[in-house]
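> Contents of target-v1.tsv (TSV, C-alpha atoms):
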chain	number	residue	atom	x	y	z
Y	23	MET	CA	-41.19	168.43	42.30
Y	24	PRO	CA	-42.31	171.70	40.63
Y	25	ASP	CA	-43.79	171.54	37.16
Y	26	PRO	CA	-41.31	173.07	34.62
Y	27	VAL	CA	-44.14	173.93	32.21
Y	28	ALA	CA	-46.13	176.05	34.68
Y	29	PRO	CA	-43.68	178.17	36.70
Y	30	SER	CA	-44.96	179.70	39.91
Y	31	GLN	CA	-43.78	183.21	38.99
Y	32	PRO	CA	-44.15	184.90	35.64
Y	33	PRO	CA	-40.94	186.00	33.97
Y	34	PRO	CA	-39.95	189.63	34.58
Y	35	PRO	CA	-41.02	192.10	31.88
Y	36	PRO	CA	-38.31	193.11	29.41
Y	37	GLU	CA	-36.48	196.31	30.22
Y	38	ALA	CA	-37.48	199.35	28.21
Y	39	PRO	CA	-34.89	200.58	25.69
Y	40	PRO	CA	-33.15	203.86	26.56
Y	41	ASN	CA	-35.13	205.75	23.92
Y	42	ALA	CA	-38.53	204.70	25.31
Y	43	ASP	CA	-39.12	207.99	27.14
Y	44	PRO	CA	-42.65	209.27	26.87
Y	45	SER	CA	-43.10	211.14	23.62
Y	46	SER	CA	-45.29	214.10	22.77
Y	47	LEU	CA	-45.67	212.75	19.21
Y	48	ASP	CA	-47.63	209.75	17.95
Y	49	LEU	CA	-44.50	208.31	16.30
Y	50	PRO	CA	-42.19	205.73	17.85
Y	51	PRO	CA	-39.01	207.50	19.07
Y	52	ASN	CA	-36.70	205.74	16.59
Y	53	ILE	CA	-38.88	206.76	13.61
Y	54	ALA	CA	-39.18	210.35	14.86
Y	55	ALA	CA	-35.39	210.54	15.42
Y	56	ALA	CA	-34.69	209.16	11.93
Y	57	ILE	CA	-36.99	211.75	10.35
Y	58	ALA	CA	-35.47	214.45	12.54
Y	59	CYS	CA	-32.09	213.65	10.96
Y	60	ILE	CA	-33.14	215.43	7.76
Y	61	PRO	CA	-30.73	218.39	7.86
Y	62	LEU	CA	-32.15	221.67	9.14
Y	63	VAL	CA	-35.83	221.21	8.25
Y	64	GLY	CA	-36.45	217.89	10.02
Y	65	GLY	CA	-34.35	218.98	12.97
Y	66	ILE	CA	-36.17	222.29	13.45
Y	67	ILE	CA	-39.62	220.72	13.14
Y	68	PHE	CA	-38.95	217.88	15.57
Y	69	TYR	CA	-37.04	220.08	18.01
Y	70	LEU	CA	-40.05	222.39	18.24
Y	71	LEU	CA	-42.68	219.61	18.36
Y	72	GLU	CA	-41.00	217.09	20.67
Y	73	LYS	CA	-40.91	218.28	24.27
Y	74	ARG	CA	-40.25	215.15	26.34
Y	75	ASN	CA	-38.19	212.53	24.52
Y	76	SER	CA	-34.50	213.32	24.90
Y	77	PHE	CA	-33.52	210.81	22.20
Y	78	VAL	CA	-35.57	212.60	19.52
Y	79	ARG	CA	-34.54	216.05	20.78
Y	80	PHE	CA	-30.86	215.04	20.63
Y	81	TYR	CA	-31.12	213.89	17.00
Y	82	ALA	CA	-33.13	216.99	16.12
Y	83	MET	CA	-30.51	219.34	17.60
Y	84	GLN	CA	-27.70	217.34	15.99
Y	85	SER	CA	-29.51	217.70	12.66
Y	86	ILE	CA	-29.87	221.46	13.11
Y	87	ILE	CA	-26.16	221.89	13.81
Y	88	PHE	CA	-25.10	219.44	11.08
Y	89	GLY	CA	-27.44	221.03	8.52
Y	90	GLY	CA	-26.12	224.47	9.46
Y	91	ALA	CA	-22.55	223.28	8.88
Y	92	TRP	CA	-23.55	221.80	5.52
Y	93	PHE	CA	-25.30	225.05	4.55
Y	94	LEU	CA	-22.27	227.15	5.57
Y	95	PHE	CA	-20.01	224.89	3.54
Y	96	ASN	CA	-22.23	225.47	0.50
Y	97	ILE	CA	-21.98	229.23	0.93
Y	98	ALA	CA	-18.20	229.12	1.43
Y	99	SER	CA	-17.85	226.82	-1.56
Y	100	ALA	CA	-19.79	229.23	-3.78
Y	101	VAL	CA	-17.60	232.13	-2.65
Y	102	VAL	CA	-14.39	230.18	-3.29
Y	103	HIS	CA	-15.73	229.09	-6.67
Y	104	ALA	CA	-16.50	232.70	-7.65
Y	105	VAL	CA	-13.17	234.08	-6.41
Y	106	VAL	CA	-11.04	231.32	-7.92
Y	107	GLY	CA	-12.99	231.46	-11.18
Y	108	ALA	CA	-12.11	235.12	-11.59
Y	109	ILE	CA	-8.37	234.43	-11.72
Y	110	PRO	CA	-7.18	234.81	-15.31
Y	111	GLY	CA	-5.36	231.88	-16.88
Y	112	VAL	CA	-5.37	229.29	-14.10
Y	113	GLY	CA	-8.92	230.03	-12.93
Y	114	PRO	CA	-10.62	227.20	-14.82
Y	115	ILE	CA	-8.09	224.65	-13.56
Y	116	LEU	CA	-8.51	225.83	-9.97
Y	117	VAL	CA	-12.31	225.81	-10.34
Y	118	PHE	CA	-12.13	222.21	-11.49
Y	119	LEU	CA	-9.90	221.24	-8.56
Y	120	TRP	CA	-12.20	223.02	-6.13
Y	121	ALA	CA	-15.22	221.27	-7.67
Y	122	VAL	CA	-13.58	217.89	-7.05
Y	123	ILE	CA	-12.78	218.83	-3.43
Y	124	ALA	CA	-16.31	220.16	-2.87
Y	125	ALA	CA	-17.82	216.99	-4.34
Y	126	LEU	CA	-15.78	214.85	-1.94
Y	127	VAL	CA	-16.85	216.98	1.02
Y	128	HIS	CA	-20.49	216.73	-0.06
Y	129	LEU	CA	-20.10	212.97	-0.34
Y	130	ALA	CA	-18.70	212.88	3.20
Y	131	PHE	CA	-21.68	214.94	4.45
Y	132	LEU	CA	-24.05	212.52	2.70
Y	133	VAL	CA	-22.37	209.45	4.25
Y	134	VAL	CA	-22.55	210.99	7.74
Y	135	PHE	CA	-26.23	211.84	7.15
Y	136	ILE	CA	-27.04	208.25	6.08
Y	137	VAL	CA	-25.16	206.77	9.04
Y	138	ALA	CA	-27.04	209.09	11.42
Y	139	VAL	CA	-30.41	208.07	9.96
Y	140	VAL	CA	-29.57	204.36	10.23
Y	141	LYS	CA	-28.32	204.74	13.82
Y	142	ALA	CA	-31.40	206.75	14.81
Y	143	PHE	CA	-33.71	204.23	13.17
Y	144	SER	CA	-32.01	201.38	15.02
Y	145	GLY	CA	-32.42	203.23	18.34
Y	146	VAL	CA	-28.73	203.93	18.97
Y	147	ARG	CA	-27.67	207.36	20.20
Y	148	TRP	CA	-24.72	208.21	17.91
Y	149	ASP	CA	-22.70	211.40	18.13
Y	150	ILE	CA	-21.57	212.91	14.87
Y	151	PRO	CA	-17.94	213.92	15.52
Y	152	TYR	CA	-17.71	217.52	16.80
Y	153	VAL	CA	-21.47	218.01	16.28
Y	154	GLY	CA	-22.77	215.42	18.76
Y	155	PRO	CA	-21.19	216.91	21.89
Y	156	MET	CA	-22.52	220.37	20.98
Y	157	ALA	CA	-26.00	218.94	20.44
Y	158	ARG	CA	-25.83	217.02	23.72
Y	159	LYS	CA	-24.93	220.22	25.62
Y	160	GLN	CA	-27.82	222.10	24.03
Y	161	VAL	CA	-30.38	219.38	24.72
Y	162	GLU	CA	-29.23	218.77	28.29
Y	163	GLY	CA	-29.34	222.49	28.98
Y	164	THR	CA	-32.97	222.80	27.84
Y	165	GLN	CA	-34.47	219.77	29.62
Y	166	PRO	CA	-37.31	220.67	32.00
Would it be possible to restate this file's structure as structure tokens?


Amino acid sequence: MPDPVAPSQPPPPPEAPPNADPSSLDLPPNIAAAIACIPLVGGIIFYLLEKRNSFVRFYAMQSIIFGGAWFLFNIASAVVHAVVGAIPGVGPILVFLWAVIAALVHLAFLVVFIVAVVKAFSGVRWDIPYVGPMARKQVEGTQP
């Protein structure tokens, strides 16, 4: 009868997680992807520095696109604020209403940013709606 304490074959090694591609950075991929989620700046830096890990490059490109959308919303919001504020009489009321709408949109951007950072840190590839598929196309098109 074989000894249950000393098996004849060692157990198989655990499978590598999907984000364990070789990295050109000294950071673990989940940490690099979480930092890359910082809109625009983190995305640009990690997209330029990371050449091999598709997980980090995906989050970096998603951050670039997401940060660009956030930046464009800020510009559009400032224009709407200036135009609506110039209307005599009802301008201040409309400015207030637009400020409430803009604050809610900014809150939504912040929630999506936090969810992306948590997902990246936990090693899960998560697509931001509308942004994720665009980022995936860009990253898959630039893989060596």

> Counting all atoms listed in the file, which of Y:Val153, Y:Ser99, Y:Glu162, Y:Ile123 gets nearest to Y:Ile87?

Y:Val153

> Name all residues at most 10 Å from Y:Trp148 (count all atoms listed in the file; drop same-chain ones fewer than 2 positions away) and give them as number ranges by chain.

Y: 80-81, 84, 137-142, 145-146, 150-151, 154

> Would you mind listing what lies within 12 Å of stretch 62-72 of chain Y as an NGL selection string, with all atoms listed in the file counted and same-chain residues fewer than 2 positions away left out?

:Y and (43-51 or 53-60 or 74-94 or 135 or 139 or 157 or 160-161 or 164-165)

> Of the residues Y:Phe95, Y:Ser144, Y:Pro114, Y:Ile109, which is the one nearest to Y:Val127, using all atoms listed in the file?

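Of Y:Phe95, Y:Ser144, Y:Pro114, Y:Ile109, the one nearest Y:Val127, counting all atoms listed in the file, is Y:Phe95.
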
> Hey, can you check how far atom CA of Y:Val122 sits from atom CA of Y:Tyr152?

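Going from atom CA of Y:Val122 over to atom CA of Y:Tyr152, I get 24.2 Å.
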
> When you draw a straight line from atom CA of Y:Asp149 to atom CA of Y:Trp120, how long is it in Å?

28.9 Å

> Rounded to one decimal in Å, what is the spacing between atom CA of Y:Val117 and atom CA of Y:Ala104?

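Straight-line distance from atom CA of Y:Val117 to atom CA of Y:Ala104 works out to 8.5 Å.
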